[in-house]
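Asker: Next comes input.json, JSON, C-alpha atoms:
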[["chain", "number", "residue", "atom", "x", "y", "z"],
["Y", 1, "MET", "CA", 9.37, -22.20, 61.13],
["Y", 2, "ASP", "CA", 8.98, -19.15, 63.40],
["Y", 3, "ASN", "CA", 10.69, -15.79, 62.85],
["Y", 4, "GLU", "CA", 13.40, -16.44, 65.44],
["Y", 5, "ALA", "CA", 14.32, -19.78, 63.85],
["Y", 6, "VAL", "CA", 14.38, -18.20, 60.38],
["Y", 7, "GLN", "CA", 16.72, -15.44, 61.59],
["Y", 8, "MET", "CA", 19.04, -17.98, 63.24],
["Y", 9, "THR", "CA", 19.18, -19.92, 59.96],
["Y", 10, "LEU", "CA", 19.96, -16.76, 57.99],
["Y", 11, "ASP", "CA", 22.68, -15.72, 60.46],
["Y", 12, "LEU", "CA", 24.32, -19.16, 60.25],
["Y", 13, "ASP", "CA", 24.09, -19.18, 56.47],
["Y", 14, "ASP", "CA", 25.60, -15.69, 56.35],
["Y", 15, "LYS", "CA", 28.52, -16.76, 58.56],
["Y", 16, "VAL", "CA", 29.28, -19.87, 56.50],
["Y", 17, "HIS", "CA", 29.13, -17.95, 53.23],
["Y", 18, "LYS", "CA", 31.52, -15.29, 54.53],
["Y", 19, "GLU", "CA", 33.99, -17.92, 55.75],
["Y", 20, "ILE", "CA", 34.05, -19.77, 52.41],
["Y", 21, "PHE", "CA", 33.88, -16.93, 49.88],
["Y", 22, "GLN", "CA", 34.58, -13.76, 51.91],
["Y", 23, "ILE", "CA", 31.32, -12.33, 50.50],
["Y", 24, "PRO", "CA", 29.03, -10.30, 52.79],
["Y", 25, "ARG", "CA", 25.31, -10.93, 52.98],
["Y", 26, "PHE", "CA", 23.62, -9.55, 49.88],
["Y", 27, "ASP", "CA", 20.87, -6.93, 50.09],
["Y", 28, "PHE", "CA", 18.30, -8.12, 47.55],
["Y", 29, "GLY", "CA", 16.09, -5.11, 48.19],
["Y", 30, "ASN", "CA", 18.47, -2.91, 46.21],
["Y", 31, "LEU", "CA", 17.73, -4.85, 43.02],
["Y", 32, "PHE", "CA", 14.01, -4.17, 42.94],
["Y", 33, "VAL", "CA", 11.86, -1.12, 42.43],
["Y", 34, "ASP", "CA", 9.63, -2.47, 45.22],
["Y", 35, "ILE", "CA", 10.53, -5.88, 46.64],
["Y", 36, "LYS", "CA", 7.18, -6.06, 48.45],
["Y", 37, "GLU", "CA", 5.44, -6.40, 45.09],
["Y", 38, "ILE", "CA", 6.88, -9.86, 44.42],
["Y", 39, "LYS", "CA", 6.39, -13.18, 46.22],
["Y", 40, "GLN", "CA", 9.84, -14.33, 47.26],
["Y", 41, "MET", "CA", 11.99, -15.92, 49.92],
["Y", 42, "HIS", "CA", 15.72, -15.47, 50.29],
["Y", 43, "ASN", "CA", 18.75, -16.02, 52.49],
["Y", 44, "SER", "CA", 22.14, -14.31, 52.33],
["Y", 45, "ASN", "CA", 23.07, -15.44, 48.82],
["Y", 46, "SER", "CA", 20.00, -16.81, 47.05],
["Y", 47, "MET", "CA", 16.47, -15.68, 46.23],
["Y", 48, "ALA", "CA", 13.61, -17.78, 44.87],
["Y", 49, "ILE", "CA", 10.69, -15.91, 43.33],
["Y", 50, "LEU", "CA", 7.23, -17.31, 42.58],
["Y", 51, "GLY", "CA", 5.57, -15.57, 39.67],
["Y", 52, "ASP", "CA", 5.37, -14.85, 35.96],
["Y", 53, "SER", "CA", 8.87, -14.17, 34.65],
["Y", 54, "ILE", "CA", 8.10, -11.12, 32.53],
["Y", 55, "GLU", "CA", 6.06, -9.49, 35.31],
["Y", 56, "VAL", "CA", 8.83, -10.12, 37.85],
["Y", 57, "LEU", "CA", 11.53, -8.86, 35.48],
["Y", 58, "ARG", "CA", 9.66, -5.56, 35.22],
["Y", 59, "HIS", "CA", 10.19, -5.08, 38.96],
["Y", 60, "ILE", "CA", 13.99, -5.44, 38.67],
["Y", 61, "LYS", "CA", 16.05, -2.29, 38.21],
["Y", 62, "SER", "CA", 17.94, -1.77, 34.96],
["Y", 63, "ASN", "CA", 21.64, -2.67, 34.59],
["Y", 64, "THR", "CA", 21.81, -4.67, 37.82],
["Y", 65, "VAL", "CA", 22.50, -8.30, 36.87],
["Y", 66, "ASN", "CA", 25.92, -9.65, 35.82],
["Y", 67, "LEU", "CA", 24.91, -12.91, 34.15],
["Y", 68, "ILE", "CA", 21.62, -14.36, 32.90],
["Y", 69, "PHE", "CA", 20.89, -17.93, 31.90],
["Y", 70, "ALA", "CA", 17.43, -18.27, 30.34],
["Y", 71, "ASP", "CA", 16.00, -21.69, 29.52],
["Y", 72, "ALA", "CA", 12.45, -20.70, 28.59],
["Y", 73, "PRO", "CA", 9.75, -23.16, 27.46],
["Y", 74, "TYR", "CA", 10.49, -24.42, 23.93],
["Y", 75, "ASN", "CA", 6.92, -24.38, 22.52],
["Y", 76, "ILE", "CA", 6.99, -28.14, 22.00],
["Y", 77, "GLY", "CA", 4.22, -29.17, 24.39],
["Y", 78, "LYS", "CA", 6.14, -30.20, 27.51],
["Y", 79, "ASN", "CA", 3.97, -30.54, 30.61],
["Y", 80, "PHE", "CA", 5.29, -28.48, 33.51],
["Y", 81, "GLY", "CA", 2.59, -29.46, 35.98],
["Y", 82, "ASN", "CA", 0.33, -26.43, 35.93],
["Y", 83, "ASN", "CA", 1.06, -25.15, 32.44],
["Y", 84, "LYS", "CA", 2.14, -26.52, 29.05],
["Y", 85, "ASP", "CA", 4.61, -24.79, 26.78],
["Y", 86, "LYS", "CA", 2.48, -24.57, 23.67],
["Y", 87, "TRP", "CA", 1.44, -21.39, 21.86],
["Y", 88, "LYS", "CA", -1.24, -21.17, 19.17],
["Y", 89, "THR", "CA", 1.27, -20.16, 16.52],
["Y", 90, "VAL", "CA", 5.04, -19.95, 16.15],
["Y", 91, "GLN", "CA", 4.65, -16.19, 15.63],
["Y", 92, "GLU", "CA", 2.99, -15.81, 19.04],
["Y", 93, "TYR", "CA", 5.77, -17.81, 20.68],
["Y", 94, "ILE", "CA", 8.51, -15.76, 19.02],
["Y", 95, "SER", "CA", 6.79, -12.51, 20.04],
["Y", 96, "TRP", "CA", 6.67, -13.74, 23.65],
["Y", 97, "CYS", "CA", 10.36, -14.67, 23.50],
["Y", 98, "LYS", "CA", 11.30, -11.24, 22.17],
["Y", 99, "CYS", "CA", 9.47, -9.70, 25.12],
["Y", 100, "TRP", "CA", 11.42, -11.60, 27.79],
["Y", 101, "ILE", "CA", 14.69, -11.20, 25.89],
["Y", 102, "ASP", "CA", 14.24, -7.41, 25.91],
["Y", 103, "GLU", "CA", 13.40, -7.40, 29.63],
["Y", 104, "CYS", "CA", 16.44, -9.58, 30.39],
["Y", 105, "MET", "CA", 18.73, -7.31, 28.38],
["Y", 106, "ARG", "CA", 17.32, -4.30, 30.21],
["Y", 107, "VAL", "CA", 18.22, -5.68, 33.64],
["Y", 108, "LEU", "CA", 21.57, -7.01, 32.41],
["Y", 109, "SER", "CA", 24.54, -4.81, 33.28],
["Y", 110, "ASP", "CA", 26.29, -3.02, 30.43],
["Y", 111, "ASN", "CA", 29.22, -5.44, 30.75],
["Y", 112, "GLY", "CA", 27.10, -8.48, 31.50],
["Y", 113, "THR", "CA", 26.36, -11.58, 29.44],
["Y", 114, "MET", "CA", 23.22, -13.57, 28.71],
["Y", 115, "TYR", "CA", 22.99, -17.17, 27.55],
["Y", 116, "PHE", "CA", 19.63, -18.43, 26.37],
["Y", 117, "MET", "CA", 18.21, -21.62, 24.91],
["Y", 118, "THR", "CA", 15.22, -22.68, 22.84],
["Y", 119, "ALA", "CA", 14.25, -25.46, 20.44],
["Y", 120, "THR", "CA", 16.42, -25.95, 17.34],
["Y", 121, "GLN", "CA", 13.56, -24.94, 15.04],
["Y", 122, "HIS", "CA", 12.94, -21.66, 16.88],
["Y", 123, "MET", "CA", 16.50, -20.48, 17.52],
["Y", 124, "PRO", "CA", 17.02, -19.05, 14.00],
["Y", 125, "TYR", "CA", 14.25, -16.49, 14.60],
["Y", 126, "LEU", "CA", 15.74, -15.43, 17.94],
["Y", 127, "ASP", "CA", 19.30, -15.47, 16.62],
["Y", 128, "VAL", "CA", 18.31, -12.93, 13.95],
["Y", 129, "TYR", "CA", 16.47, -10.81, 16.53],
["Y", 130, "ALA", "CA", 19.45, -10.83, 18.94],
["Y", 131, "SER", "CA", 21.86, -10.03, 16.09],
["Y", 132, "GLU", "CA", 19.78, -7.06, 14.97],
["Y", 133, "ASN", "CA", 19.19, -5.59, 18.43],
["Y", 134, "TYR", "CA", 22.13, -6.73, 20.57],
["Y", 135, "ASN", "CA", 25.47, -8.46, 20.03],
["Y", 136, "VAL", "CA", 25.84, -12.22, 19.51],
["Y", 137, "LEU", "CA", 29.13, -13.37, 21.01],
["Y", 138, "CYS", "CA", 28.92, -17.09, 20.35],
["Y", 139, "ARG", "CA", 26.62, -19.82, 19.04],
["Y", 140, "ILE", "CA", 26.99, -22.93, 21.19],
["Y", 141, "VAL", "CA", 25.79, -26.46, 20.60],
["Y", 142, "TRP", "CA", 25.03, -28.64, 23.62],
["Y", 143, "SER", "CA", 25.46, -32.16, 22.27],
["Y", 144, "TYR", "CA", 24.36, -35.36, 23.99],
["Y", 145, "ASP", "CA", 23.73, -38.99, 23.21],
["Y", 146, "SER", "CA", 20.36, -40.67, 23.54],
["Y", 147, "SER", "CA", 19.46, -44.27, 24.19],
["Y", 148, "GLY", "CA", 15.84, -43.57, 23.33],
["Y", 149, "VAL", "CA", 13.96, -44.48, 20.18],
["Y", 150, "GLN", "CA", 15.01, -42.33, 17.23],
["Y", 151, "SER", "CA", 13.02, -41.43, 14.13],
["Y", 152, "LYS", "CA", 13.36, -43.74, 11.14],
["Y", 153, "LYS", "CA", 12.19, -41.01, 8.76],
["Y", 154, "MET", "CA", 14.88, -38.42, 9.48],
["Y", 155, "PHE", "CA", 18.04, -37.81, 11.51],
["Y", 156, "GLY", "CA", 17.30, -37.64, 15.23],
["Y", 157, "SER", "CA", 17.90, -34.42, 17.14],
["Y", 158, "LEU", "CA", 20.75, -34.86, 19.61],
["Y", 159, "TYR", "CA", 21.64, -31.28, 20.45],
["Y", 160, "GLU", "CA", 20.20, -28.04, 21.79],
["Y", 161, "PRO", "CA", 21.38, -24.56, 20.76],
["Y", 162, "VAL", "CA", 22.64, -21.95, 23.21],
["Y", 163, "LEU", "CA", 23.11, -18.31, 22.23],
["Y", 164, "MET", "CA", 25.63, -16.16, 24.10],
["Y", 165, "VAL", "CA", 24.88, -12.44, 23.80],
["Y", 166, "ASN", "CA", 25.72, -9.08, 25.33],
["Y", 167, "LYS", "CA", 24.40, -5.56, 24.85],
["Y", 168, "ASP", "CA", 26.83, -4.09, 22.38],
["Y", 169, "VAL", "CA", 29.87, -5.02, 20.33],
["Y", 170, "LYS", "CA", 31.87, -2.41, 22.28],
["Y", 171, "SER", "CA", 30.82, -3.73, 25.68],
["Y", 172, "LYS", "CA", 33.41, -5.36, 27.88],
["Y", 173, "TYR", "CA", 32.40, -8.74, 29.22],
["Y", 174, "THR", "CA", 33.78, -11.35, 31.60],
["Y", 175, "PHE", "CA", 35.39, -14.43, 30.13],
["Y", 176, "ASN", "CA", 37.51, -16.40, 32.61],
["Y", 177, "HIS", "CA", 39.12, -18.80, 30.16],
["Y", 178, "GLN", "CA", 41.52, -20.19, 32.78],
["Y", 179, "GLU", "CA", 38.53, -21.36, 34.86],
["Y", 180, "ILE", "CA", 37.08, -23.62, 32.15],
["Y", 181, "LEU", "CA", 40.09, -25.34, 30.59],
["Y", 182, "VAL", "CA", 39.58, -28.87, 29.30],
["Y", 183, "GLU", "CA", 41.98, -31.60, 28.28],
["Y", 184, "ALA", "CA", 43.63, -31.07, 24.89],
["Y", 185, "LYS", "CA", 43.45, -34.64, 23.68],
["Y", 186, "THR", "CA", 44.85, -34.79, 20.16],
["Y", 187, "GLY", "CA", 48.33, -33.28, 20.37],
["Y", 188, "ALA", "CA", 49.03, -33.83, 24.07],
["Y", 189, "GLN", "CA", 48.00, -37.50, 24.26],
["Y", 190, "ARG", "CA", 50.03, -38.34, 21.16],
["Y", 191, "LYS", "CA", 52.97, -36.35, 22.58],
["Y", 192, "LEU", "CA", 53.29, -34.29, 19.41],
["Y", 193, "ILE", "CA", 55.71, -31.37, 19.13],
["Y", 194, "ASP", "CA", 54.45, -27.98, 18.00],
["Y", 195, "TYR", "CA", 57.14, -26.74, 15.61],
["Y", 196, "ARG", "CA", 55.37, -23.42, 15.13],
["Y", 197, "LYS", "CA", 56.80, -22.35, 18.49],
["Y", 198, "ASN", "CA", 60.37, -21.17, 18.92],
["Y", 199, "PRO", "CA", 61.88, -23.23, 20.33],
["Y", 200, "PRO", "CA", 59.57, -26.18, 19.45],
["Y", 201, "GLN", "CA", 57.54, -27.40, 22.43],
["Y", 202, "PRO", "CA", 55.07, -30.18, 23.21],
["Y", 203, "TYR", "CA", 51.43, -29.33, 22.57],
["Y", 204, "ASN", "CA", 49.51, -27.91, 25.53],
["Y", 205, "THR", "CA", 47.72, -30.43, 27.69],
["Y", 206, "GLN", "CA", 44.78, -28.07, 28.25],
["Y", 207, "LYS", "CA", 42.73, -25.75, 26.06],
["Y", 208, "VAL", "CA", 39.69, -23.48, 26.13],
["Y", 209, "PRO", "CA", 36.65, -25.51, 25.03],
["Y", 210, "GLY", "CA", 35.13, -24.82, 21.63],
["Y", 211, "ASN", "CA", 31.49, -24.12, 20.96],
["Y", 212, "VAL", "CA", 30.36, -27.77, 20.85],
["Y", 213, "TRP", "CA", 29.80, -28.94, 24.41],
["Y", 214, "GLU", "CA", 29.27, -32.59, 25.25],
["Y", 215, "PHE", "CA", 27.46, -33.06, 28.55],
["Y", 216, "SER", "CA", 25.22, -35.96, 29.43],
["Y", 217, "ARG", "CA", 21.57, -35.23, 30.01],
["Y", 218, "VAL", "CA", 20.38, -35.63, 33.59],
["Y", 219, "ARG", "CA", 19.28, -39.21, 34.24],
["Y", 220, "PHE", "CA", 17.09, -40.63, 36.99],
["Y", 221, "LYS", "CA", 19.96, -42.42, 38.77],
["Y", 222, "MET", "CA", 22.13, -39.29, 38.95],
["Y", 223, "ASN", "CA", 22.41, -37.56, 42.32],
["Y", 224, "GLU", "CA", 21.52, -34.19, 40.78],
["Y", 225, "TYR", "CA", 18.25, -35.48, 39.29],
["Y", 226, "GLU", "CA", 15.14, -33.46, 40.19],
["Y", 227, "ASN", "CA", 11.50, -33.93, 39.24],
["Y", 228, "HIS", "CA", 11.51, -31.61, 36.27],
["Y", 229, "PRO", "CA", 10.96, -32.53, 32.60],
["Y", 230, "THR", "CA", 13.70, -30.33, 31.10],
["Y", 231, "GLN", "CA", 16.39, -30.23, 33.80],
["Y", 232, "LYS", "CA", 19.78, -29.03, 32.55],
["Y", 233, "PRO", "CA", 23.00, -30.64, 33.86],
["Y", 234, "GLU", "CA", 25.01, -28.90, 36.54],
["Y", 235, "ALA", "CA", 28.16, -29.27, 34.42],
["Y", 236, "LEU", "CA", 26.60, -27.11, 31.69],
["Y", 237, "LEU", "CA", 25.74, -24.33, 34.14],
["Y", 238, "GLU", "CA", 29.08, -24.61, 35.90],
["Y", 239, "ARG", "CA", 30.95, -23.87, 32.66],
["Y", 240, "ILE", "CA", 28.73, -20.88, 31.90],
["Y", 241, "ILE", "CA", 28.93, -19.42, 35.41],
["Y", 242, "LYS", "CA", 32.67, -19.92, 35.76],
["Y", 243, "ALA", "CA", 33.38, -18.42, 32.35],
["Y", 244, "SER", "CA", 31.09, -15.40, 32.49],
["Y", 245, "SER", "CA", 30.98, -14.28, 36.12],
["Y", 246, "ASN", "CA", 33.12, -13.75, 39.18],
["Y", 247, "ALA", "CA", 32.62, -14.46, 42.87],
["Y", 248, "GLY", "CA", 29.95, -12.18, 44.30],
["Y", 249, "ASP", "CA", 28.30, -11.51, 40.91],
["Y", 250, "ILE", "CA", 24.52, -11.67, 40.51],
["Y", 251, "ILE", "CA", 23.26, -14.60, 38.43],
["Y", 252, "LEU", "CA", 19.64, -14.55, 37.23],
["Y", 253, "ASP", "CA", 17.58, -17.40, 35.81],
["Y", 254, "PRO", "CA", 14.12, -16.12, 34.80],
["Y", 255, "PHE", "CA", 12.80, -19.63, 34.03],
["Y", 256, "SER", "CA", 14.40, -21.54, 36.87],
["Y", 257, "GLY", "CA", 12.54, -24.85, 36.73],
["Y", 258, "SER", "CA", 14.70, -27.19, 38.80],
["Y", 259, "PHE", "CA", 16.75, -24.17, 40.05],
["Y", 260, "THR", "CA", 20.01, -25.74, 38.86],
["Y", 261, "THR", "CA", 21.37, -22.31, 37.90],
["Y", 262, "SER", "CA", 20.86, -20.94, 41.41],
["Y", 263, "ALA", "CA", 22.21, -24.10, 43.06],
["Y", 264, "VAL", "CA", 25.42, -23.98, 41.01],
["Y", 265, "ALA", "CA", 25.75, -20.20, 41.39],
["Y", 266, "VAL", "CA", 25.60, -20.44, 45.18],
["Y", 267, "ARG", "CA", 28.06, -23.35, 45.22],
["Y", 268, "LEU", "CA", 30.51, -21.22, 43.21],
["Y", 269, "GLY", "CA", 30.20, -18.18, 45.47],
["Y", 270, "ARG", "CA", 27.82, -16.13, 43.36],
["Y", 271, "ILE", "CA", 24.43, -14.59, 44.20],
["Y", 272, "GLY", "CA", 21.59, -16.64, 42.73],
["Y", 273, "ILE", "CA", 18.15, -15.34, 41.74],
["Y", 274, "GLY", "CA", 15.61, -17.74, 40.29],
["Y", 275, "ILE", "CA", 12.07, -17.13, 39.05],
["Y", 276, "ASP", "CA", 9.40, -19.72, 38.30],
["Y", 277, "ILE", "CA", 5.64, -19.67, 37.92],
["Y", 278, "ASN", "CA", 5.18, -23.21, 39.26],
["Y", 279, "GLU", "CA", 4.96, -23.45, 43.05],
["Y", 280, "GLU", "CA", 6.40, -26.99, 43.06],
["Y", 281, "TYR", "CA", 9.56, -25.73, 41.37],
["Y", 282, "PHE", "CA", 9.65, -22.68, 43.63],
["Y", 283, "GLU", "CA", 9.76, -25.08, 46.58],
["Y", 284, "MET", "CA", 12.55, -26.95, 44.81],
["Y", 285, "GLY", "CA", 14.52, -23.72, 44.68],
["Y", 286, "LEU", "CA", 13.99, -23.06, 48.39],
["Y", 287, "ARG", "CA", 15.40, -26.49, 49.17],
["Y", 288, "ARG", "CA", 18.27, -26.61, 46.66],
["Y", 289, "THR", "CA", 19.75, -23.27, 47.75],
["Y", 290, "ASN", "CA", 19.12, -23.73, 51.47],
["Y", 291, "ILE", "CA", 16.65, -20.86, 51.73],
["Y", 292, "ALA", "CA", 14.20, -22.96, 53.74],
["Y", 293, "THR", "CA", 13.63, -26.50, 54.95],
["Y", 294, "GLU", "CA", 9.86, -26.14, 55.07],
["Y", 295, "TYR", "CA", 7.19, -24.12, 53.26],
["Y", 296, "ASN", "CA", 3.55, -23.65, 54.19],
["Y", 297, "GLY", "CA", 3.93, -26.27, 56.91],
["Y", 298, "LYS", "CA", 5.40, -28.86, 54.53],
["Y", 299, "GLN", "CA", 8.90, -30.29, 54.92],
["Y", 300, "LEU", "CA", 10.95, -29.71, 51.79],
["Y", 301, "VAL", "CA", 12.61, -33.02, 51.02],
["Y", 302, "LYS", "CA", 13.83, -34.51, 47.76],
["Y", 303, "GLU", "CA", 11.51, -37.19, 46.41],
["Y", 304, "LYS", "CA", 12.63, -38.55, 43.06],
["Y", 305, "LYS", "CA", 9.99, -39.42, 40.49],
["Y", 306, "ARG", "CA", 10.59, -40.51, 36.93],
["Y", 307, "LYS", "CA", 9.86, -37.92, 34.25],
["Y", 308, "THR", "CA", 8.03, -40.43, 32.08],
["Y", 309, "ASN", "CA", 5.29, -42.96, 32.66],
["Y", 310, "ALA", "CA", 6.89, -45.37, 30.20],
["Y", 311, "LYS", "CA", 7.94, -48.58, 31.91],
["Y", 312, "SER", "CA", 11.33, -50.16, 31.46],
["Y", 313, "LYS", "CA", 11.66, -53.65, 30.04],
["Y", 314, "TYR", "CA", 12.28, -54.92, 33.59],
["Y", 315, "VAL", "CA", 9.03, -53.45, 34.89],
["Y", 316, "ARG", "CA", 7.09, -54.62, 31.82],
["Y", 317, "GLY", "CA", 8.38, -58.13, 32.30]]
Reformat the file's structure so that it appears as structure tokens.

Answerer:
Amino acid sequence: MDNEAVQMTLDLDDKVHKEIFQIPRFDFGNLFVDIKEIKQMHNSNSMAILGDSIEVLRHIKSNTVNLIFADAPYNIGKNFGNNKDKWKTVQEYISWCKCWIDECMRVLSDNGTMYFMTATQHMPYLDVYASENYNVLCRIVWSYDSSGVQSKKMFGSLYEPVLMVNKDVKSKYTFNHQEILVEAKTGAQRKLIDYRKNPPQPYNTQKVPGNVWEFSRVRFKMNEYENHPTQKPEALLERIIKASSNAGDIILDPFSGSFTTSAVAVRLGRIGIGIDINEEYFEMGLRRTNIATEYNGKQLVKEKKRKTNAKSKYVRG
């Protein structure tokens, strides 16, 4: 794609974004100490960065990002194509996590919020660290069912922890509870009357969700499926982004993977920034947020591949 075609695409994207969200084209250069030091591509509302997360974070100015969602490698041996998430010891992994957490909290605005995830066995270490150095707002459980084979020696793991933190207990933070209401099933469906109110009234039909979230994992047949081993569902990110940011806010995902965070952020009228060290996932981000339709002479098209080599019973038969 030549420079003229790229500029025409950016101009069109800028016009569409203004018409839908009334948000002007964002100047990404203002976020970085020196934007030329990072490998990136962007349009009017999204930036994809190719590089090591901690190194890139060090190029971002302090107190500039409104919301961070960090889904770092879990140290459980997943294969991400050109690197595996396995450290020699748990202590080395936790030390690495503390490093990126501190960098994320540095770039987070004083009134911003960060959500981060890790494996169930590692979250206690990071929960203590966040509690001692920052302010833990909420401990969330993402719960899901699994049709896969479960252990017969212990209870299977069917959840992943999410920690919601901000800089200080006195910090103000965004929480748009009206944007994330869910159906209040118990009282409303049974048409119960709440006699604590004066006068008594039927129970509310909607409520703010609690800290146990039930979202299905992303399956191969779903439209949102991408070729990534730990893809998070769009519904999970939509709740986080709606609750903890407003239109025009800057949303950062330092371990973007499938770039779901950026894709949802852009769809909701936010500014998305995603970082990943894997060039295949970087290309995914270019495509999913409409930054580019080709890269290095290659057309960026969605080609679904299963995340496992295990064959179904139909294929085996």

Asker: Atom CA of Y:Trp213 and atom CA of Y:Lys242, how far apart in Å?

Answerer: 14.8 Å

Asker: At a cut-off of 12 Å, using only C-alpha atoms, what residues contact Y:Tyr225? Leave out same-chain residues fewer than 2 positions from it and give the result as a list in words.

Answerer: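 Selected residues are Arg217, Val218, Arg219, Phe220, Lys221, Met222, Asn223, Asn227, His228, Pro229, Thr230, Gln231, Lys232, Pro233, Glu234, Ser258, Phe259, Thr260, Met284, Arg288, Lys302, Glu303, Lys304, Lys305, Arg306 and Lys307 of chain Y.
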
Asker: May I ask for the distance between atom CA of Y:Met164 and atom CA of Y:Gly272, given in Å to one decimal place?

Answerer: 19.1 Å

Asker: Name the residues within 6 Å of (25.2, -4.4, 22.1), counting only C-alpha atoms in the file's coordinates, and put them as a list of chain:residue names.

Answerer: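 These residues have at least one counted atom within 6 Å: Y:Tyr134, Y:Asn135, Y:Asn166, Y:Lys167, Y:Asp168, Y:Val169.
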
Asker: Hey, which of Y:Gln206, Y:Gln150, Y:Asn75, Y:Ser143 ends up closest to Y:Gln178? Count only C-alpha atoms.

Answerer: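 Among the listed residues, Y:Gln206 lies closest to Y:Gln178.
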
Asker: For each of Y:Met114, Y:Met154, Y:Ile277, Y:Val212, take the minimum atom-to-atom distance to Y:Ala243, counting all atoms listed in the file, then give the residue where this is smallest.

Answerer: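 Closest to Y:Ala243, using all atoms listed in the file: Y:Met114.
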
Asker: One number please: atom CA of Y:Leu67 to atom CA of Y:Pro124, in Å, one decimal.

Answerer: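 About the pair atom CA of Y:Leu67 and atom CA of Y:Pro124: they are 22.5 Å apart.
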
Asker: Please list as a PyMOL selection string every residue within 9 Å of Y:Pro73, counting all atoms listed in the file and excluding residues in the same chain fewer than 2 positions away.

Answerer: chain Y and resi 71+75-78+84-86+117-119+230+255

Asker: Which is closer to Y:Thr174 than all the others in Y:Gly112, Y:Pro24, Y:Gly248, Y:Gly285, using only C-alpha atoms?

Answerer: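 Among the listed residues, Y:Gly112 lies closest to Y:Thr174.
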
Asker: Find the residues near Y:Asp102: any atom within 10 Å, counting only C-alpha atoms, skip ones fewer than 6 places away on the same chain, and give them as a PyMOL selection string.

Answerer: chain Y and resi 54+108+130+133-134

Asker: Which one is closest to Y:His42: Y:Tyr295, Y:Leu300, Y:Trp100, Y:Asn290? Count all atoms listed in the file.

Answerer: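 Answer, going by the shortest atom-to-atom distance: Y:Asn290.
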
Asker: Which of these, Y:Val301, Y:Leu181, Y:Leu192, Y:Ile275, has the shortest distance to Y:Val208 once you count only C-alpha atoms?

Answerer: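 Smallest distance to Y:Val208 is found for Y:Leu181.
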
Asker: Dig up all the protein and nucleic acid residues within 12 Å of (28.4, -21.3, 44.4) in the file frame, using all atoms listed in the file, and format them as an MDAnalysis selection string.

Answerer: chainID Y and resid 17 20:21 23 45:46 234 237:238 241:242 245:251 260:272 288:290

Asker: Show which residues sit within 12 Å of Y:Val182, as a compact mmCIF listing (two decimals) with C-alpha atoms, in the frame of the given file. Count all atoms listed in the file, and ignore same-chain residues fewer than 6 positions away.

Answerer:
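New file result-v1.txt:
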# COMPACT_ATOMS: atom_id res chain seq x y z
CA ALA Y 188 49.03 -33.83 24.07
CA ASN Y 204 49.51 -27.91 25.53
CA THR Y 205 47.72 -30.43 27.69
CA GLN Y 206 44.78 -28.07 28.25
CA LYS Y 207 42.73 -25.75 26.06
CA VAL Y 208 39.69 -23.48 26.13
CA PRO Y 209 36.65 -25.51 25.03
CA GLY Y 210 35.13 -24.82 21.63
CA TRP Y 213 29.80 -28.94 24.41
CA GLU Y 214 29.27 -32.59 25.25
CA ARG Y 239 30.95 -23.87 32.66

Asker: Mind checking which residues fall within 7 Å of Y:Val162, counting all atoms listed in the file, ignoring those fewer than 3 positions away in the same chain, and posting them as a tab-separated table (two decimals) with C-alpha atoms, in the frame of the given file?

Answerer:
chain	number	residue	atom	x	y	z
Y	115	TYR	CA	22.99	-17.17	27.55
Y	116	PHE	CA	19.63	-18.43	26.37
Y	117	MET	CA	18.21	-21.62	24.91
Y	139	ARG	CA	26.62	-19.82	19.04
Y	140	ILE	CA	26.99	-22.93	21.19
Y	141	VAL	CA	25.79	-26.46	20.60
